[in-house]
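Worksheet for the structure shown next.
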Amino acid sequence: MDGMHDMGGRQGFGPVRYQPNAPVFHEDWECRVNALYGHAVRLGLFTMDAYRHAIERMAPRHYMTASYYERTLTSLATLLVEKGVVTRNELEAAAGGAFPLAAPSAPGRSNLTPNYRFQSGELVQVRNVDFAGHTRLPSYIRGKRGVVVRETLAYPFPDAHAHGVVAQDEPTYDVAFRAEDLWPNDSDPATVHVGVFQSYLMPAGEVARGS
Amino acid sequence: MDGMHDMGGRQGFGPVRYQPNAPVFHEDWECRVNALYGHAVRLGLFTMDAYRHAIERMAPRHYMTASYYERTLTSLATLLVEKGVVTRNELEAAAGGAFPLAAPSAPGRSNLTPNYRFQSGELVQVRNVDFAGHTRLPSYIRGKRGVVVRETLAYPFPDAHAHGVVAQDEPTYDVAFRAEDLWPNDSDPATVHVGVFQSYLMPAGEVARGS
Amino acid sequence: MDNSEISGGRVADVINRAAAVEALMEERGMEPAAAIARGVQSAEEDWVPRNGARIVAKAWTDPEFRQRLLTDGKAAAAELGFSMPAHHRFLVALENTVDLHNVIVCTLCSCTAFTIIGLPPDWYKDLEYRARVVRQSRTVLREMGLDLPQSTQIKVWDTTTDTRYMVIPVQPPETLGWPEEKLVEIVTKDSMIGVSRLPGT
Amino acid sequence: MDNSEISGGRVADVINRAAAVEALMEERGMEPAAAIARGVQSAEEDWVPRNGARIVAKAWTDPEFRQRLLTDGKAAAAELGFSMPAHHRFLVALENTVDLHNVIVCTLCSCTAFTIIGLPPDWYKDLEYRARVVRQSRTVLREMGLDLPQSTQIKVWDTTTDTRYMVIPVQPPETLGWPEEKLVEIVTKDSMIGVSRLPGT
């Protein structure tokens with residue numbers, strides 16, 4: 001989805017709020033919530049892809065202003081409700097106030113091109129297609145060209161896996177892009193390596209035939 | 001700039017917070033601030049393009065959570081500081097607290113193709129180029145194809161005008177896009193008409209030669 | 001937002017920030033008080049949707065005016081005594097029909113023909129409307145109470161230049177033959193933005 | 001956010017919301033208390049940057065291990081007793097040199113090889129880092145205190161699949177010949193993310 005979470009390359013942000021060797025947790029509840037969502041994943045209640053997607057589905061104003069562990073908490077609570085483990089009313093009664101949850105999900109999709117294999121050194125084009133569900137294709141590489149560095153391991157297809165849609169595990173590729181190609185007018189020269197699922201790619205020669 | 005303000009087509013938002021025939025102002029200061037920024041424009045202190053750009057330059061978290069007239073106020077105060085009329089310290093002393101302003105601007109740019117004229121009915125391609133300054137090219141049409149409905153009036157080129165860069169007024173075009181082309185996978189069929197400056201366009205036949 | 005990150009202090013209330021700007025403009029001799037008086041009057045008395053309603057009512061009842069309005073909206077508006085800011089160089093009147101519905105947005109900020117149809121309401125300037133109406137026009141309009149038949153084509157107008165738009169709603173059939181003054185009363189701001197249609201149309 | 005828009009009531013404090021989830025998981029027999037106890041222990045004792053530091057120190061001192069690490073990071077980590085979650089199927093070790101600097105990000109969320117280099121700090125998960133480091137890598141690193149020479153090439157790694165990354169920092173020249181145990185002490189989490197280099201490199 002073209003959501004607020006798709007941050008790569010977005011402008012207007014100030015300096016990173018950096019503190020060298022910063023602590024991981026600031027308050028007790030953060031570590032507890034981190035443990036609870038991991039527990040729910042291990043119990044098989046939802047996948048990591050579903051967890052990530054529930055964060056992406058948060059109301060944009062909430063996403064932008066929440067801390068990381070508030071996003072974790074919102075995702076966990078949303079999925080507990082969606083899986084029928086608890087109700088929103090129960091959550092709000094127990095919390096003593098409103099409990100903002102993420103918005104409903106759009107449908108998932110299965111693999112697009114499960115059989116093609118790209119080669120190291122091959123010039124590839126990232127498909128320039130939006131998708132309303134969960135996807136691990138950051139918008140900043142959509143429609144851009146890069147070079148396959150190598151094939152990496154096969155993983156469950158996130159666009160399916162986050163939604164419980166049946167799909168094959170599919171190869172991923174380490175694809176190198178030039179920052180100057182991604183953002184011709186306001187970027188520092190660098191190579192940006194992105195892990196790209198096969199379904200998101202097409203041979204660069206196919207560009208003329210459409211997305 | 002690829003800023004948060006570039007909202008068209010972004011997903012994850014809930015229902016419009018609609019109230020039929022809603023009031024324009026809710027509090028007295030809103031109407032006053034609206035009058036003050038208009039006054040500054042009429043005094044020649046800054047252009048409407050500069051006013052819009054100062055809103056775009058607000059910190060993204062602030063932009064996302066501020067009301068419209070808080071955005072207006074932030075732009076006005078930022079430009080009063082940037083034009084040397086007041087200082088941030090004066091503002092903060094008078095307000096009795098911190099006064100968040102917009103971030104500094106990137107440089108502007110002059111017209112790109114001032115002499116070409118597109119014809120009604122012509123298939124055009126929107127240039128797929130980012131620009132760090134002010135621009136009135138919404139990202140959802142970048143790299144997309146549309147049809148020129150007609151040439152509309154010439155206006156100051158916003159990418160220059162917001163920054164005090166010299167540029168010619170240039171023709172604009174009413175360009176019609178199909179929503180299904182802009183967002184193949186999650187849109188309602190419609191024609192989306194966008195007012196597009198000539199500098200943002202190229203003949204569709206030039207696509208193969210790059211952006 | 002996180003107050004601690006801004007100037008190291010608590011952010012002043014927006015009312016105090018607005019007052020600070022006003023006070024400093026006063027101190028610099030920019031005469032904000034007179035500007036505010038004029039601005040409040042303009043917003044309340046001059047930039048009212050009744051202006052647009054008068055244009056619509058005349059277009060409904062005067063075919064030659066309608067034609068001039070469709071050709072050059074700014075000149076037609078001027079005929080009735082309505083002006084637009086200098087930077088609004090063109091006004092496009094978008095005529096709805098049974099089969100065509102026009103709706104206006106400004107995805108990048110909140111531009112409108114405010115001297116003609118009135119200053120825009122909150123929801124028009126809000127993130128939801130700007131993000132969604134270009135992409136999900138039919139769905140958004142339905143959520144806002146306007147359930148268009150599938151046979152009605154939708155045109156969304158994104159106000160990205162200083163050309164301005166106004167929608168000419170379809171005249172309700174039962175008002176055919178009404179005098180112009182009476183027709184003015186039924187035309188709403190929302191119908192000229194295009195998020196509603198008039199009753200019976 | 002605007003509280004009035006959510007469930008019509010005031011949003012509960014995040015601490016109370018977290019406690020509510022925990023209490024309801026308990027009520028449903030999901031045994032959250034034991035999970036929290038394990039989770040707190042893992043975060044404090046198991047998923048510590050010292051794991052990555054041990055891998056780095058061994059790679060600096062054992063060329064054959066270094067080669068195995070560069071070929072299959074997950075297997076090399078396992079040699080030292082470090083495991084990764086099942087869904088992290090691959091660990092890529094990125095070797096910095098004088099002329100090449102690697103830096104890791106996850107623009108879409110906040111993925112990291114947390115069992116190896118420790119859970120990520122706030123700034124790594126924050127909007128600023130995710131938005132900017134892919135686009136303005138050199139500038140962002142400079143702002144964070146790492147001013148790389150123009151001759152140093154930058155590679156940014158966006159963690160968009162469940163392959164995980166760790167940076168092998170350049171070994172400070174004055175530590176050449178140090179025993180592995182002593183080298184472990186100088187390797188920081190930030191140097192394995194790639195936002196800093198070790199002193200003298």
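Going by the structure tokens order, chains are called A, B, ..., each with residues numbered from 1, while ligands are numbered from 1 in the order shown.
Near chain C, counting only C-alpha atoms at 10 Å, the chain A residues are Arg17, Pro60, Arg61, Met64, Thr65 and Ala66 of chain A.
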### Task
Give me every alpha helix (DSSP H) residue in segment 17-209 of chain B, going by DSSP on the backbone, as a VMD selection string.
chain B and resid 28 to 42 48 to 56 60 to 65 68 to 82 88 to 95 158 to 161 179 to 182
### Message
Please list as number ranges by chain every residue within 7 Å of Arg164 of chain C, counting only C-alpha atoms and excluding residues in the same chain fewer than 2 positions away.
### Response
C: 88, 90-92, 112-113, 159, 162
### Task
Write out as a ChimeraX atom specification the residues lying within 10 Å of Tyr63 of chain A, counting only C-alpha atoms and excluding same-chain residues fewer than 4 positions away.
/A:3-5,55-59,67-68,70-71,74,102 /B:61 /D:1
### Task
Write out as a list of chain:residue names each polymer residue whose atoms come within 9 Å of Asn21 of chain A, counting only C-alpha atoms; drop sequence neighbours fewer than 4 positions from it.
D:Pro121, D:Thr188, D:Lys189, D:Asp190
### Query
Which polymer residues have any atom within 9 Å of an atom of Arg142 of chain B, counting only C-alpha atoms, with same-chain residues fewer than 3 positions away left out, as a list in words?
Gln125, Val126, Arg127, Asn128, Val129, Asp130, Leu137, Pro138, Ser139, Arg145 and Tyr200 of chain B
### Query
Could you name the residues that touch Arg52 of chain A at 9 Å or less, counting only C-alpha atoms, but leaving out those on the same chain fewer than 2 positions away, as a list of chain:residue names?
A:Thr47, A:Met48, A:Asp49, A:Ala50, A:Ala54, A:Ile55, A:Glu56, A:Arg57, A:Thr72, A:Ser75, A:His134, A:Ala162, D:Leu108, D:Cys109
### Task
Would you list, as a ChimeraX atom specification, the residues of segment 133-186 of chain D that end up in strand (DSSP E) under DSSP run on this structure's backbone?
/D:153-158,163-168
Writing out the chosen residues with N, CA, C and O atoms as a PDB file, in the first residue's frame:
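Below you can see result_38.pdb, which holds the result:
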```
ATOM      1  N   GLN D 153      33.482   5.138  -0.988  1.00  0.00           N
ATOM      2  CA  GLN D 153      32.205   4.805  -1.598  1.00  0.00           C
ATOM      3  C   GLN D 153      31.228   4.354  -0.514  1.00  0.00           C
ATOM      4  O   GLN D 153      31.630   3.709   0.462  1.00  0.00           O
ATOM      5  N   ILE D 154      29.955   4.697  -0.691  1.00  0.00           N
ATOM      6  CA  ILE D 154      28.945   4.312   0.301  1.00  0.00           C
ATOM      7  C   ILE D 154      27.968   3.315  -0.317  1.00  0.00           C
ATOM      8  O   ILE D 154      27.501   3.502  -1.443  1.00  0.00           O
ATOM      9  N   LYS D 155      27.728   2.241   0.450  1.00  0.00           N
ATOM     10  CA  LYS D 155      26.649   1.312   0.085  1.00  0.00           C
ATOM     11  C   LYS D 155      25.625   1.300   1.212  1.00  0.00           C
ATOM     12  O   LYS D 155      25.967   1.050   2.368  1.00  0.00           O
ATOM     13  N   VAL D 156      24.386   1.561   0.844  1.00  0.00           N
ATOM     14  CA  VAL D 156      23.286   1.543   1.804  1.00  0.00           C
ATOM     15  C   VAL D 156      22.499   0.255   1.577  1.00  0.00           C
ATOM     16  O   VAL D 156      22.178  -0.079   0.432  1.00  0.00           O
ATOM     17  N   TRP D 157      22.195  -0.450   2.650  1.00  0.00           N
ATOM     18  CA  TRP D 157      21.478  -1.726   2.540  1.00  0.00           C
ATOM     19  C   TRP D 157      20.104  -1.587   3.176  1.00  0.00           C
ATOM     20  O   TRP D 157      19.998  -1.429   4.391  1.00  0.00           O
ATOM     21  N   ASP D 158      19.064  -1.660   2.341  1.00  0.00           N
ATOM     22  CA  ASP D 158      17.699  -1.543   2.836  1.00  0.00           C
ATOM     23  C   ASP D 158      17.156  -2.953   3.101  1.00  0.00           C
ATOM     24  O   ASP D 158      17.075  -3.782   2.189  1.00  0.00           O
ATOM     25  N   THR D 163      16.289 -11.423   4.813  1.00  0.00           N
ATOM     26  CA  THR D 163      17.752 -11.505   4.887  1.00  0.00           C
ATOM     27  C   THR D 163      18.211 -10.370   5.804  1.00  0.00           C
ATOM     28  O   THR D 163      17.683  -9.263   5.744  1.00  0.00           O
ATOM     29  N   ARG D 164      19.182 -10.663   6.657  1.00  0.00           N
ATOM     30  CA  ARG D 164      19.652  -9.660   7.613  1.00  0.00           C
ATOM     31  C   ARG D 164      21.108  -9.289   7.324  1.00  0.00           C
ATOM     32  O   ARG D 164      21.834 -10.056   6.684  1.00  0.00           O
ATOM     33  N   TYR D 165      21.468  -8.115   7.791  1.00  0.00           N
ATOM     34  CA  TYR D 165      22.800  -7.586   7.509  1.00  0.00           C
ATOM     35  C   TYR D 165      23.524  -7.232   8.798  1.00  0.00           C
ATOM     36  O   TYR D 165      22.911  -6.857   9.799  1.00  0.00           O
ATOM     37  N   MET D 166      24.856  -7.327   8.744  1.00  0.00           N
ATOM     38  CA  MET D 166      25.691  -6.733   9.794  1.00  0.00           C
ATOM     39  C   MET D 166      26.944  -6.195   9.129  1.00  0.00           C
ATOM     40  O   MET D 166      27.425  -6.753   8.137  1.00  0.00           O
ATOM     41  N   VAL D 167      27.423  -5.094   9.647  1.00  0.00           N
ATOM     42  CA  VAL D 167      28.635  -4.479   9.088  1.00  0.00           C
ATOM     43  C   VAL D 167      29.846  -4.975   9.876  1.00  0.00           C
ATOM     44  O   VAL D 167      29.818  -5.039  11.109  1.00  0.00           O
ATOM     45  N   ILE D 168      30.888  -5.356   9.144  1.00  0.00           N
ATOM     46  CA  ILE D 168      32.178  -5.666   9.768  1.00  0.00           C
ATOM     47  C   ILE D 168      33.018  -4.400   9.694  1.00  0.00           C
ATOM     48  O   ILE D 168      33.502  -4.040   8.619  1.00  0.00           O
TER      49      ILE D 168
END
```
### Query
Expressed in Å to a single decimal, how great is the separation between atom CA of Arg178 of chain B and atom CA of Gln136 of chain C?
12.1 Å
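Of the listed residues B:Thr152, B:Thr78, B:Ser199, B:Ser187, the one whose atoms come nearest to chain A is B:Ser187, with distances taken using only C-alpha atoms.
Among the candidate residues A:Phe131, A:Phe46, A:Phe118, A:Tyr51, the one lying nearest to chain B is A:Phe131, with distances computed using only C-alpha atoms.
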